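As provided, coords.cif (mmCIF, C-alpha atoms and all ligand atoms) reads as follows.
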data_data
loop_
_atom_site.group_PDB
_atom_site.id
_atom_site.type_symbol
_atom_site.label_atom_id
_atom_site.label_comp_id
_atom_site.auth_asym_id
_atom_site.auth_seq_id
_atom_site.Cartn_x
_atom_site.Cartn_y
_atom_site.Cartn_z
ATOM 1 C CA MET A 237 1.403 -29.963 10.837
ATOM 2 C CA ARG A 238 -0.209 -27.055 12.596
ATOM 3 C CA LEU A 239 -0.801 -24.776 9.570
ATOM 4 C CA GLU A 240 -1.784 -27.288 6.891
ATOM 5 C CA ASN A 241 -3.718 -25.634 4.024
ATOM 6 C CA LYS A 242 -3.202 -22.114 5.358
ATOM 7 C CA VAL A 243 -1.860 -19.186 3.360
ATOM 8 C CA ALA A 244 0.140 -16.574 5.259
ATOM 9 C CA ILE A 245 1.731 -13.212 4.553
ATOM 10 C CA ILE A 246 4.553 -12.061 6.800
ATOM 11 C CA THR A 247 5.874 -8.530 6.367
ATOM 12 C CA GLY A 248 9.434 -7.679 7.336
ATOM 13 C CA ALA A 249 10.326 -11.315 6.686
ATOM 14 C CA ALA A 250 13.854 -10.792 5.355
ATOM 15 C CA SER A 251 15.370 -11.014 8.820
ATOM 16 C CA GLY A 252 14.881 -11.440 12.547
ATOM 17 C CA ILE A 253 11.479 -12.305 13.976
ATOM 18 C CA GLY A 254 9.668 -12.143 10.616
ATOM 19 C CA LYS A 255 12.052 -14.589 8.957
ATOM 20 C CA ALA A 256 11.920 -16.984 11.926
ATOM 21 C CA ALA A 257 8.105 -16.943 11.842
ATOM 22 C CA ALA A 258 7.969 -17.386 8.059
ATOM 23 C CA ASP A 259 10.379 -20.351 8.145
ATOM 24 C CA LEU A 260 8.405 -21.941 11.001
ATOM 25 C CA PHE A 261 5.093 -21.447 9.194
ATOM 26 C CA VAL A 262 6.526 -23.187 6.093
ATOM 27 C CA ALA A 263 7.783 -26.059 8.271
ATOM 28 C CA GLU A 264 4.271 -26.347 9.745
ATOM 29 C CA GLY A 265 2.653 -26.755 6.313
ATOM 30 C CA ALA A 266 1.623 -23.220 5.349
ATOM 31 C CA ARG A 267 2.179 -21.569 2.010
ATOM 32 C CA VAL A 268 3.952 -18.354 2.861
ATOM 33 C CA VAL A 269 4.544 -14.986 1.253
ATOM 34 C CA TYR A 270 7.776 -13.553 2.617
ATOM 35 C CA SER A 271 7.676 -9.796 2.158
ATOM 36 C CA ASP A 272 10.108 -6.999 2.875
ATOM 37 C CA ILE A 273 11.176 -3.596 1.599
ATOM 38 C CA TYR A 274 14.093 -4.947 -0.497
ATOM 39 C CA ASP A 275 13.918 -5.886 -4.186
ATOM 40 C CA ALA A 276 15.160 -9.398 -3.456
ATOM 41 C CA PRO A 277 17.227 -9.982 -0.330
ATOM 42 C CA ASN A 278 20.284 -11.961 -1.508
ATOM 43 C CA ASP A 279 20.803 -13.817 1.773
ATOM 44 C CA LEU A 280 17.186 -15.012 1.983
ATOM 45 C CA THR A 281 16.638 -18.651 1.037
ATOM 46 C CA ILE A 282 13.063 -19.805 0.780
ATOM 47 C CA ASP A 283 11.394 -23.084 -0.102
ATOM 48 C CA ALA A 284 10.283 -22.296 -3.675
ATOM 49 C CA GLU A 285 7.579 -24.980 -3.633
ATOM 50 C CA LYS A 286 5.750 -23.467 -0.691
ATOM 51 C CA ALA A 287 6.775 -19.832 -0.608
ATOM 52 C CA ILE A 288 7.354 -16.708 -2.657
ATOM 53 C CA TYR A 289 9.004 -13.366 -1.983
ATOM 54 C CA VAL A 290 7.162 -10.110 -2.682
ATOM 55 C CA LYS A 291 8.651 -6.652 -2.226
ATOM 56 C CA CYS A 292 6.459 -4.258 -0.238
ATOM 57 C CA ASP A 293 7.002 -1.050 1.710
ATOM 58 C CA VAL A 294 4.291 -1.352 4.363
ATOM 59 C CA SER A 295 4.142 2.401 4.890
ATOM 60 C CA LYS A 296 2.507 2.695 1.444
ATOM 61 C CA ARG A 297 -1.109 1.576 1.252
ATOM 62 C CA ALA A 298 -0.915 0.830 -2.484
ATOM 63 C CA GLU A 299 2.063 -1.503 -1.966
ATOM 64 C CA VAL A 300 0.278 -3.412 0.805
ATOM 65 C CA ALA A 301 -2.778 -3.744 -1.457
ATOM 66 C CA ALA A 302 -0.535 -5.073 -4.250
ATOM 67 C CA LEU A 303 1.099 -7.549 -1.833
ATOM 68 C CA ILE A 304 -2.298 -8.982 -0.906
ATOM 69 C CA GLN A 305 -3.354 -9.070 -4.559
ATOM 70 C CA LYS A 306 -0.209 -11.028 -5.526
ATOM 71 C CA THR A 307 -0.845 -13.463 -2.664
ATOM 72 C CA LEU A 308 -4.388 -14.096 -3.903
ATOM 73 C CA GLU A 309 -3.143 -14.564 -7.475
ATOM 74 C CA LYS A 310 -0.517 -17.098 -6.373
ATOM 75 C CA PHE A 311 -2.294 -18.981 -3.575
ATOM 76 C CA SER A 312 -6.006 -18.003 -3.973
ATOM 77 C CA ALA A 313 -6.502 -17.329 -0.254
ATOM 78 C CA LEU A 314 -5.289 -15.355 2.727
ATOM 79 C CA ASP A 315 -5.732 -17.014 6.126
ATOM 80 C CA ILE A 316 -2.972 -15.390 8.179
ATOM 81 C CA MET A 317 -1.596 -11.850 8.049
ATOM 82 C CA VAL A 318 1.434 -11.095 10.213
ATOM 83 C CA ASN A 319 2.121 -7.356 10.401
ATOM 84 C CA ASN A 320 5.707 -7.644 11.573
ATOM 85 C CA ALA A 321 7.686 -5.042 9.597
ATOM 86 C CA GLY A 322 9.002 -2.332 11.840
ATOM 87 C CA VAL A 323 11.738 0.172 12.506
ATOM 88 C CA GLY A 324 13.466 0.901 15.790
ATOM 89 C CA THR A 325 14.153 4.570 16.369
ATOM 90 C CA VAL A 326 15.541 6.660 19.191
ATOM 91 C CA GLY A 327 14.835 10.151 20.475
ATOM 92 C CA SER A 328 13.363 11.496 23.710
ATOM 93 C CA ILE A 329 10.272 13.699 23.820
ATOM 94 C CA LEU A 330 12.614 16.713 24.085
ATOM 95 C CA GLU A 331 14.574 15.843 20.948
ATOM 96 C CA ALA A 332 12.669 13.566 18.568
ATOM 97 C CA SER A 333 12.404 15.222 15.148
ATOM 98 C CA ASP A 334 9.294 15.251 12.997
ATOM 99 C CA GLU A 335 11.231 13.085 10.568
ATOM 100 C CA VAL A 336 11.812 10.363 13.172
ATOM 101 C CA TRP A 337 8.220 10.623 14.361
ATOM 102 C CA ASP A 338 6.736 10.408 10.848
ATOM 103 C CA LYS A 339 8.963 7.501 9.818
ATOM 104 C CA THR A 340 8.249 5.511 12.986
ATOM 105 C CA ILE A 341 4.516 6.071 12.941
ATOM 106 C CA GLY A 342 4.415 5.597 9.149
ATOM 107 C CA VAL A 343 6.055 2.170 9.163
ATOM 108 C CA ASN A 344 5.084 0.754 12.546
ATOM 109 C CA LEU A 345 1.560 2.088 13.071
ATOM 110 C CA SER A 346 0.222 3.121 9.654
ATOM 111 C CA GLY A 347 1.883 0.058 8.100
ATOM 112 C CA THR A 348 0.046 -2.131 10.596
ATOM 113 C CA PHE A 349 -3.218 -0.265 9.966
ATOM 114 C CA TYR A 350 -2.978 -0.886 6.194
ATOM 115 C CA GLY A 351 -2.090 -4.539 6.730
ATOM 116 C CA VAL A 352 -4.952 -5.137 9.141
ATOM 117 C CA GLN A 353 -7.563 -3.260 7.146
ATOM 118 C CA LEU A 354 -6.727 -4.648 3.702
ATOM 119 C CA ALA A 355 -6.315 -8.235 4.943
ATOM 120 C CA ALA A 356 -9.544 -8.067 6.949
ATOM 121 C CA GLN A 357 -11.484 -6.731 3.955
ATOM 122 C CA VAL A 358 -10.325 -9.671 1.827
ATOM 123 C CA MET A 359 -11.031 -12.195 4.597
ATOM 124 C CA LYS A 360 -14.538 -10.793 5.097
ATOM 125 C CA GLU A 361 -15.295 -10.709 1.370
ATOM 126 C CA LYS A 362 -14.126 -14.312 0.906
ATOM 127 C CA GLY A 363 -15.697 -15.604 4.118
ATOM 128 C CA ILE A 364 -12.304 -16.616 5.506
ATOM 129 C CA LYS A 365 -12.144 -16.915 9.299
ATOM 130 C CA GLY A 366 -8.602 -15.633 9.330
ATOM 131 C CA SER A 367 -6.046 -14.726 11.944
ATOM 132 C CA ILE A 368 -4.253 -11.376 11.976
ATOM 133 C CA ILE A 369 -1.160 -10.957 14.141
ATOM 134 C CA ASN A 370 0.453 -7.610 14.895
ATOM 135 C CA LEU A 371 3.892 -7.020 16.370
ATOM 136 C CA SER A 372 3.688 -4.626 19.286
ATOM 137 C CA SER A 373 6.364 -4.622 22.021
ATOM 138 C CA ILE A 374 6.759 -4.376 25.765
ATOM 139 C CA LEU A 375 7.267 -0.716 24.821
ATOM 140 C CA GLY A 376 3.611 -0.635 23.792
ATOM 141 C CA THR A 377 2.652 -0.755 27.457
ATOM 142 C CA VAL A 378 5.700 0.472 29.397
ATOM 143 C CA GLY A 379 8.067 3.304 28.532
ATOM 144 C CA LEU A 380 11.808 3.322 27.889
ATOM 145 C CA PRO A 381 13.640 6.650 28.039
ATOM 146 C CA GLY A 382 14.719 8.001 24.670
ATOM 147 C CA THR A 383 12.275 6.050 22.500
ATOM 148 C CA VAL A 384 9.145 8.212 22.424
ATOM 149 C CA ALA A 385 8.090 7.633 18.809
ATOM 150 C CA TYR A 386 8.709 3.877 18.995
ATOM 151 C CA CYS A 387 6.734 3.580 22.253
ATOM 152 C CA ALA A 388 3.867 5.623 20.780
ATOM 153 C CA SER A 389 3.773 3.477 17.639
ATOM 154 C CA LYS A 390 3.731 0.220 19.605
ATOM 155 C CA GLY A 391 1.129 1.547 22.073
ATOM 156 C CA GLY A 392 -1.000 2.476 19.074
ATOM 157 C CA ILE A 393 -0.771 -1.100 17.833
ATOM 158 C CA VAL A 394 -2.118 -2.351 21.185
ATOM 159 C CA GLN A 395 -5.250 -0.232 20.893
ATOM 160 C CA LEU A 396 -5.638 -0.824 17.156
ATOM 161 C CA THR A 397 -5.645 -4.544 17.985
ATOM 162 C CA HIS A 398 -8.233 -4.203 20.772
ATOM 163 C CA ALA A 399 -10.600 -2.068 18.689
ATOM 164 C CA ALA A 400 -10.236 -4.115 15.506
ATOM 165 C CA ALA A 401 -10.897 -7.344 17.432
ATOM 166 C CA LEU A 402 -14.326 -5.969 18.344
ATOM 167 C CA ASP A 403 -15.023 -4.876 14.757
ATOM 168 C CA LEU A 404 -13.951 -8.190 13.236
ATOM 169 C CA ALA A 405 -15.343 -10.713 15.713
ATOM 170 C CA ALA A 406 -18.738 -10.832 14.012
ATOM 171 C CA HIS A 407 -16.976 -12.003 10.839
ATOM 172 C CA GLY A 408 -15.061 -14.735 12.662
ATOM 173 C CA ILE A 409 -11.772 -12.940 11.992
ATOM 174 C CA ARG A 410 -9.369 -12.962 14.945
ATOM 175 C CA ILE A 411 -6.713 -10.356 15.615
ATOM 176 C CA ASN A 412 -4.078 -10.428 18.329
ATOM 177 C CA ALA A 413 -0.733 -8.796 19.021
ATOM 178 C CA ILE A 414 2.541 -10.112 20.351
ATOM 179 C CA ALA A 415 4.509 -7.889 22.707
ATOM 180 C CA PRO A 416 8.110 -9.125 22.683
ATOM 181 C CA GLY A 417 10.701 -8.141 25.223
ATOM 182 C CA PHE A 418 14.279 -7.716 24.011
ATOM 183 C CA ILE A 419 15.097 -10.191 21.238
ATOM 184 C CA MET A 420 18.494 -10.377 19.532
ATOM 185 C CA THR A 421 17.951 -9.240 15.908
ATOM 186 C CA ASN A 422 19.390 -6.698 13.467
ATOM 187 C CA MET A 423 17.154 -4.091 15.107
ATOM 188 C CA THR A 424 18.589 -4.564 18.585
ATOM 189 C CA LYS A 425 22.061 -6.069 18.190
ATOM 190 C CA GLY A 426 23.800 -2.657 18.212
ATOM 191 C CA MET A 427 22.159 -1.772 21.542
ATOM 192 C CA LEU A 428 22.487 -5.244 23.042
ATOM 193 C CA ASN A 429 26.181 -5.466 22.163
ATOM 194 C CA ASN A 430 26.690 -2.428 24.368
ATOM 195 C CA ASP A 431 27.649 -3.762 27.811
ATOM 196 C CA SER A 432 25.767 -1.265 29.953
ATOM 197 C CA PHE A 433 22.573 -1.514 27.875
ATOM 198 C CA SER A 434 22.783 -5.293 27.886
ATOM 199 C CA LYS A 435 23.139 -5.227 31.678
ATOM 200 C CA LEU A 436 20.096 -2.943 31.950
ATOM 201 C CA VAL A 437 18.038 -5.305 29.772
ATOM 202 C CA LYS A 438 19.056 -8.440 31.655
ATOM 203 C CA GLY A 439 18.500 -6.672 34.977
ATOM 204 C CA ASN A 440 14.937 -5.794 33.944
ATOM 205 C CA THR A 441 14.179 -9.266 32.596
ATOM 206 C CA PRO A 442 13.213 -11.647 35.405
ATOM 207 C CA LEU A 443 14.373 -14.662 33.374
ATOM 208 C CA GLY A 444 17.699 -12.840 33.104
ATOM 209 C CA TYR A 445 18.546 -13.167 29.417
ATOM 210 C CA VAL A 446 17.742 -11.815 25.956
ATOM 211 C CA GLY A 447 15.314 -13.758 23.759
ATOM 212 C CA VAL A 448 15.805 -15.220 20.268
ATOM 213 C CA PRO A 449 13.543 -14.814 17.202
ATOM 214 C CA ASP A 450 12.106 -18.336 17.590
ATOM 215 C CA ASP A 451 10.669 -17.354 21.005
ATOM 216 C CA ILE A 452 8.382 -14.978 19.124
ATOM 217 C CA ALA A 453 7.885 -17.225 16.092
ATOM 218 C CA TYR A 454 6.339 -19.937 18.298
ATOM 219 C CA ALA A 455 3.920 -17.398 19.799
ATOM 220 C CA ALA A 456 2.964 -16.354 16.262
ATOM 221 C CA LEU A 457 2.476 -20.006 15.314
ATOM 222 C CA TYR A 458 0.015 -20.480 18.176
ATOM 223 C CA LEU A 459 -1.943 -17.339 17.277
ATOM 224 C CA ALA A 460 -1.946 -18.277 13.572
ATOM 225 C CA SER A 461 -3.195 -21.821 14.123
ATOM 226 C CA ASP A 462 -6.701 -23.014 14.956
ATOM 227 C CA GLU A 463 -5.389 -23.932 18.424
ATOM 228 C CA SER A 464 -6.062 -20.294 19.352
ATOM 229 C CA LYS A 465 -9.562 -20.215 17.824
ATOM 230 C CA TYR A 466 -11.086 -18.683 20.994
ATOM 231 C CA VAL A 467 -8.377 -16.017 21.337
ATOM 232 C CA THR A 468 -8.947 -12.527 19.960
ATOM 233 C CA GLY A 469 -8.046 -9.021 21.133
ATOM 234 C CA THR A 470 -5.196 -10.382 23.238
ATOM 235 C CA ILE A 471 -1.764 -8.865 23.711
ATOM 236 C CA LEU A 472 0.540 -11.835 24.253
ATOM 237 C CA HIS A 473 3.633 -10.756 26.176
ATOM 238 C CA VAL A 474 6.705 -12.841 25.350
ATOM 239 C CA ASP A 475 9.212 -10.918 27.380
ATOM 240 C CA GLY A 476 11.004 -13.065 29.960
ATOM 241 C CA GLY A 477 8.756 -11.490 32.586
ATOM 242 C CA TRP A 478 9.653 -7.819 31.885
ATOM 243 C CA THR A 479 6.059 -6.548 32.218
ATOM 244 C CA ALA A 480 5.212 -8.781 35.210
ATOM 245 C CA ARG A 481 7.196 -6.554 37.526
HETATM 246 N N1 LIG B 501 13.923 -7.345 18.461
HETATM 247 C C1 LIG B 501 13.244 -6.923 19.520
HETATM 248 O O1 LIG B 501 13.765 -6.858 20.634
HETATM 249 C C2 LIG B 501 11.808 -6.513 19.364
HETATM 250 C C3 LIG B 501 11.081 -6.252 20.519
HETATM 251 C C4 LIG B 501 9.758 -5.873 20.429
HETATM 252 C C5 LIG B 501 9.166 -5.756 19.184
HETATM 253 N N2 LIG B 501 9.880 -6.004 18.060
HETATM 254 C C6 LIG B 501 9.204 -5.851 16.789
HETATM 255 O O2 LIG B 501 9.336 -7.026 16.028
HETATM 256 C C7 LIG B 501 9.260 -6.706 14.630
HETATM 257 C C8 LIG B 501 10.416 -7.367 13.904
HETATM 258 O O3 LIG B 501 11.627 -6.759 14.321
HETATM 259 P P1 LIG B 501 13.039 -7.506 14.395
HETATM 260 O O4 LIG B 501 13.525 -7.348 15.764
HETATM 261 O O5 LIG B 501 12.928 -8.859 13.780
HETATM 262 O O6 LIG B 501 13.946 -6.529 13.512
HETATM 263 P P2 LIG B 501 14.618 -6.698 12.084
HETATM 264 O O7 LIG B 501 15.238 -5.372 11.807
HETATM 265 O O8 LIG B 501 15.464 -7.916 12.023
HETATM 266 O O9 LIG B 501 13.365 -6.932 11.122
HETATM 267 C C9 LIG B 501 12.512 -5.906 10.715
HETATM 268 C C10 LIG B 501 12.267 -6.083 9.228
HETATM 269 O O10 LIG B 501 11.315 -5.083 8.819
HETATM 270 C C11 LIG B 501 11.733 -4.609 7.556
HETATM 271 N N3 LIG B 501 11.191 -3.285 7.279
HETATM 272 C C12 LIG B 501 11.575 -2.094 7.824
HETATM 273 N N4 LIG B 501 10.848 -1.101 7.287
HETATM 274 C C13 LIG B 501 9.995 -1.668 6.402
HETATM 275 C C14 LIG B 501 9.005 -1.167 5.549
HETATM 276 N N5 LIG B 501 8.730 0.141 5.463
HETATM 277 N N6 LIG B 501 8.309 -2.051 4.780
HETATM 278 C C15 LIG B 501 8.579 -3.372 4.833
HETATM 279 N N7 LIG B 501 9.525 -3.904 5.616
HETATM 280 C C16 LIG B 501 10.218 -3.059 6.389
HETATM 281 C C17 LIG B 501 13.255 -4.611 7.622
HETATM 282 O O11 LIG B 501 13.834 -4.576 6.322
HETATM 283 C C18 LIG B 501 13.534 -5.880 8.394
HETATM 284 O O12 LIG B 501 13.750 -6.994 7.536
HETATM 285 C C19 LIG B 501 9.255 -5.181 14.558
HETATM 286 O O13 LIG B 501 7.930 -4.721 14.405
HETATM 287 C C20 LIG B 501 9.803 -4.773 15.908
HETATM 288 O O14 LIG B 501 9.391 -3.475 16.280
HETATM 289 C C21 LIG B 501 11.197 -6.384 18.119
#
Please lay out the structure from this file as structure tokens.
Ligand SMILES: NC(=O)c1ccc[n+]([C@@H]2O[C@H](COP(=O)([O-])OP(=O)(O)OC[C@H]3O[C@@H](n4cnc5c(N)ncnc54)[C@H](O)[C@@H]3O)[C@@H](O)[C@H]2O)c1
Amino acid sequence: MRLENKVAIITGAASGIGKAAADLFVAEGARVVYSDIYDAPNDLTIDAEKAIYVKCDVSKRAEVAALIQKTLEKFSALDIMVNNAGVGTVGSILEASDEVWDKTIGVNLSGTFYGVQLAAQVMKEKGIKGSIINLSSILGTVGLPGTVAYCASKGGIVQLTHAAALDLAAHGIRINAIAPGFIMTNMTKGMLNNDSFSKLVKGNTPLGYVGVPDDIAYAALYLASDESKYVTGTILHVDGGWTAR
């Protein structure tokens, strides 16, 4: 088991990539806190012996602090923090409203900032050589028309990850980001079920197809485990080759 004796929090774990990673972490021996914005997602089944569900809106610092507190109360440690919760929004630079901008930056970038900072403070205080994993995107390094706020939020996560890796290295805390290409989830299924958009995505993906949540969950597993103990400040692209072009 690759995560034996580790305690992990995964935000946005009610569906998609977060749920796939949380389920995989449990299967690999971790005790896992599934977290999401809902009171209690009714279609979420978790292994009650190894996992709990905690409601948390990551765009609110106090809720992220409470999530970490509840994790410490239940499992007495925090080894892995996966800042996965996110929203997909649309709007070009000519049209995006302040509302879309604030929501996207609030959840995707500020939510990641709170998760990184509060988890790192606990890890430092407790002397835990933890692993923090952020969810960026291929759209953190390349643009896509009509998604200015999303691209800005994911680009911010890339640089947050680089800078924080330098700040945290002295404490033995690692931080990396995953930059997925297009993965079929609730966030993308509307777009990907559109024939012309699906064609555009496949045409820009050298491997020629859309990924599944487990493609990202296995990358998270590697970064969470001690197998990646010499890896920090990395942006791991899992994108079928999109950014190799
Ligand atoms: N699916 C893709 O193609 C893709 C590509 C690149 C990056 N990502 C990133 O991967 C992450 C997971 O996305 P997904 O594709 O699994 O989508 P998803 O919609 O299935 O999952 C996102 C989860 O985040 C939760 N969430 C939204 N706002 C929240 C908030 N304020 N607080 C707490 N939870 C909140 C949602 O309820 C949902 O369960 C996101 O950060 C997304 O930007 C996804």
If you take only C-alpha atoms and all ligand atoms and a cut-off of 9 Å, which residues of chain A touch ligand LIG 501 (chain B), and what are their nearest atom pairs and distances in Å to one decimal, in chain and number order, as a Markdown table?
| residue | atom | partner | partner_atom | distance |
| --- | --- | --- | --- | --- |
| A:Thr247 | CA | B:LIG501 | N7 | 5.9 |
| A:Gly248 | CA | B:LIG501 | O10 | 3.5 |
| A:Ala249 | CA | B:LIG501 | O12 | 5.6 |
| A:Ala250 | CA | B:LIG501 | O12 | 4.4 |
| A:Ser251 | CA | B:LIG501 | O8 | 4.5 |
| A:Gly252 | CA | B:LIG501 | O5 | 3.5 |
| A:Ile253 | CA | B:LIG501 | O5 | 3.7 |
| A:Gly254 | CA | B:LIG501 | O5 | 5.6 |
| A:Lys255 | CA | B:LIG501 | O5 | 7.5 |
| A:Ala256 | CA | B:LIG501 | O5 | 8.4 |
| A:Ser271 | CA | B:LIG501 | C15 | 7.0 |
| A:Asp272 | CA | B:LIG501 | N7 | 4.2 |
| A:Ile273 | CA | B:LIG501 | C15 | 4.2 |
| A:Tyr274 | CA | B:LIG501 | O11 | 6.8 |
| A:Lys291 | CA | B:LIG501 | C15 | 7.8 |
| A:Cys292 | CA | B:LIG501 | C15 | 5.6 |
| A:Asp293 | CA | B:LIG501 | N6 | 3.5 |
| A:Val294 | CA | B:LIG501 | N6 | 4.1 |
| A:Ser295 | CA | B:LIG501 | N5 | 5.1 |
| A:Lys296 | CA | B:LIG501 | N5 | 7.8 |
| A:Asn319 | CA | B:LIG501 | O13 | 7.5 |
| A:Asn320 | CA | B:LIG501 | O13 | 4.6 |
| A:Ala321 | CA | B:LIG501 | O10 | 3.7 |
| A:Gly322 | CA | B:LIG501 | O13 | 3.7 |
| A:Val323 | CA | B:LIG501 | C12 | 5.2 |
| A:Gly324 | CA | B:LIG501 | O14 | 6.0 |
| A:Lys339 | CA | B:LIG501 | N5 | 8.6 |
| A:Gly342 | CA | B:LIG501 | N5 | 7.9 |
| A:Val343 | CA | B:LIG501 | N5 | 5.0 |
| A:Asn344 | CA | B:LIG501 | O13 | 6.4 |
| A:Gly347 | CA | B:LIG501 | N5 | 7.3 |
| A:Asn370 | CA | B:LIG501 | O13 | 8.0 |
| A:Leu371 | CA | B:LIG501 | O13 | 5.0 |
| A:Ser372 | CA | B:LIG501 | C5 | 5.6 |
| A:Ser373 | CA | B:LIG501 | C4 | 4.0 |
| A:Ile374 | CA | B:LIG501 | C4 | 6.3 |
| A:Leu375 | CA | B:LIG501 | C4 | 7.2 |
| A:Gly376 | CA | B:LIG501 | C4 | 8.7 |
| A:Tyr386 | CA | B:LIG501 | O14 | 7.9 |
| A:Lys390 | CA | B:LIG501 | O14 | 7.5 |
| A:Ile414 | CA | B:LIG501 | C5 | 8.0 |
| A:Ala415 | CA | B:LIG501 | C4 | 6.1 |
| A:Pro416 | CA | B:LIG501 | C4 | 4.3 |
| A:Gly417 | CA | B:LIG501 | C3 | 5.1 |
| A:Phe418 | CA | B:LIG501 | O1 | 3.5 |
| A:Ile419 | CA | B:LIG501 | O1 | 3.6 |
| A:Met420 | CA | B:LIG501 | N1 | 5.6 |
| A:Thr421 | CA | B:LIG501 | O8 | 4.8 |
| A:Asn422 | CA | B:LIG501 | O8 | 4.4 |
| A:Met423 | CA | B:LIG501 | O7 | 4.0 |
| A:Thr424 | CA | B:LIG501 | N1 | 5.4 |
| A:Lys425 | CA | B:LIG501 | N1 | 8.2 |
| A:Val446 | CA | B:LIG501 | O1 | 8.3 |
| A:Gly447 | CA | B:LIG501 | O1 | 7.7 |
| A:Val448 | CA | B:LIG501 | N1 | 8.3 |
| A:Pro449 | CA | B:LIG501 | O5 | 6.9 |
| A:Ile452 | CA | B:LIG501 | O2 | 8.6 |
| A:Asp475 | CA | B:LIG501 | C3 | 8.5 |
Open item on the list: Starting from the PyMOL selection byres (((chain A and resi 287) around 12) and not hetatm), expand the selection into actual residues of this file and give them as a ChimeraX atom specification.
Closed with: /A:242-246,249,258-263,265-271,280-286,288-290,307,310-311
With C-alpha atoms retained, write the just-selected residues as a short mmCIF file (atom, residue, chain, number, x, y, z; two decimals), in the frame of the given file.
data_model
loop_
_atom_site.label_atom_id
_atom_site.label_comp_id
_atom_site.auth_asym_id
_atom_site.auth_seq_id
_atom_site.Cartn_x
_atom_site.Cartn_y
_atom_site.Cartn_z
CA LYS A 242 -3.20 -22.11 5.36
CA VAL A 243 -1.86 -19.19 3.36
CA ALA A 244 0.14 -16.57 5.26
CA ILE A 245 1.73 -13.21 4.55
CA ILE A 246 4.55 -12.06 6.80
CA ALA A 249 10.33 -11.32 6.69
CA ALA A 258 7.97 -17.39 8.06
CA ASP A 259 10.38 -20.35 8.14
CA LEU A 260 8.40 -21.94 11.00
CA PHE A 261 5.09 -21.45 9.19
CA VAL A 262 6.53 -23.19 6.09
CA ALA A 263 7.78 -26.06 8.27
CA GLY A 265 2.65 -26.76 6.31
CA ALA A 266 1.62 -23.22 5.35
CA ARG A 267 2.18 -21.57 2.01
CA VAL A 268 3.95 -18.35 2.86
CA VAL A 269 4.54 -14.99 1.25
CA TYR A 270 7.78 -13.55 2.62
CA SER A 271 7.68 -9.80 2.16
CA LEU A 280 17.19 -15.01 1.98
CA THR A 281 16.64 -18.65 1.04
CA ILE A 282 13.06 -19.80 0.78
CA ASP A 283 11.39 -23.08 -0.10
CA ALA A 284 10.28 -22.30 -3.68
CA GLU A 285 7.58 -24.98 -3.63
CA LYS A 286 5.75 -23.47 -0.69
CA ILE A 288 7.35 -16.71 -2.66
CA TYR A 289 9.00 -13.37 -1.98
CA VAL A 290 7.16 -10.11 -2.68
CA THR A 307 -0.84 -13.46 -2.66
CA LYS A 310 -0.52 -17.10 -6.37
CA PHE A 311 -2.29 -18.98 -3.58
#
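Taking atom CA of Lys438 of chain A and atom CA of Glu331 of chain A as the two end points, the separation is 26.9 Å.
For the atom pair formed by atom CA of Leu472 of chain A and atom CA of Ala460 of chain A, the distance is 12.7 Å, given to one decimal.
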Task: Nearest candidate to Ala385 of chain A (options A:Val336, A:Ala406, A:Ala401, A:Val358; using only C-alpha atoms) - done: A:Val336
Task: Ala400 of chain A surroundings by only C-alpha atoms, 9 Å radius, close-in-sequence under 4 positions cut, as number ranges by chain - done: A: 352-353, 395-396, 404-405, 410-411, 469
How about saving the chosen residues, C-alpha atoms kept, as a PDB file, in the coordinates of the input?
ATOM      1  CA  VAL A 352      -4.952  -5.137   9.141  1.00  0.00           C
ATOM      2  CA  GLN A 353      -7.563  -3.260   7.146  1.00  0.00           C
ATOM      3  CA  GLN A 395      -5.250  -0.232  20.893  1.00  0.00           C
ATOM      4  CA  LEU A 396      -5.638  -0.824  17.156  1.00  0.00           C
ATOM      5  CA  LEU A 404     -13.951  -8.190  13.236  1.00  0.00           C
ATOM      6  CA  ALA A 405     -15.343 -10.713  15.713  1.00  0.00           C
ATOM      7  CA  ARG A 410      -9.369 -12.962  14.945  1.00  0.00           C
ATOM      8  CA  ILE A 411      -6.713 -10.356  15.615  1.00  0.00           C
ATOM      9  CA  GLY A 469      -8.046  -9.021  21.133  1.00  0.00           C
TER      10      GLY A 469
END
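One finds atom CA of Ile471 of chain A at 19.5 Å from atom CA of Ile341 of chain A.
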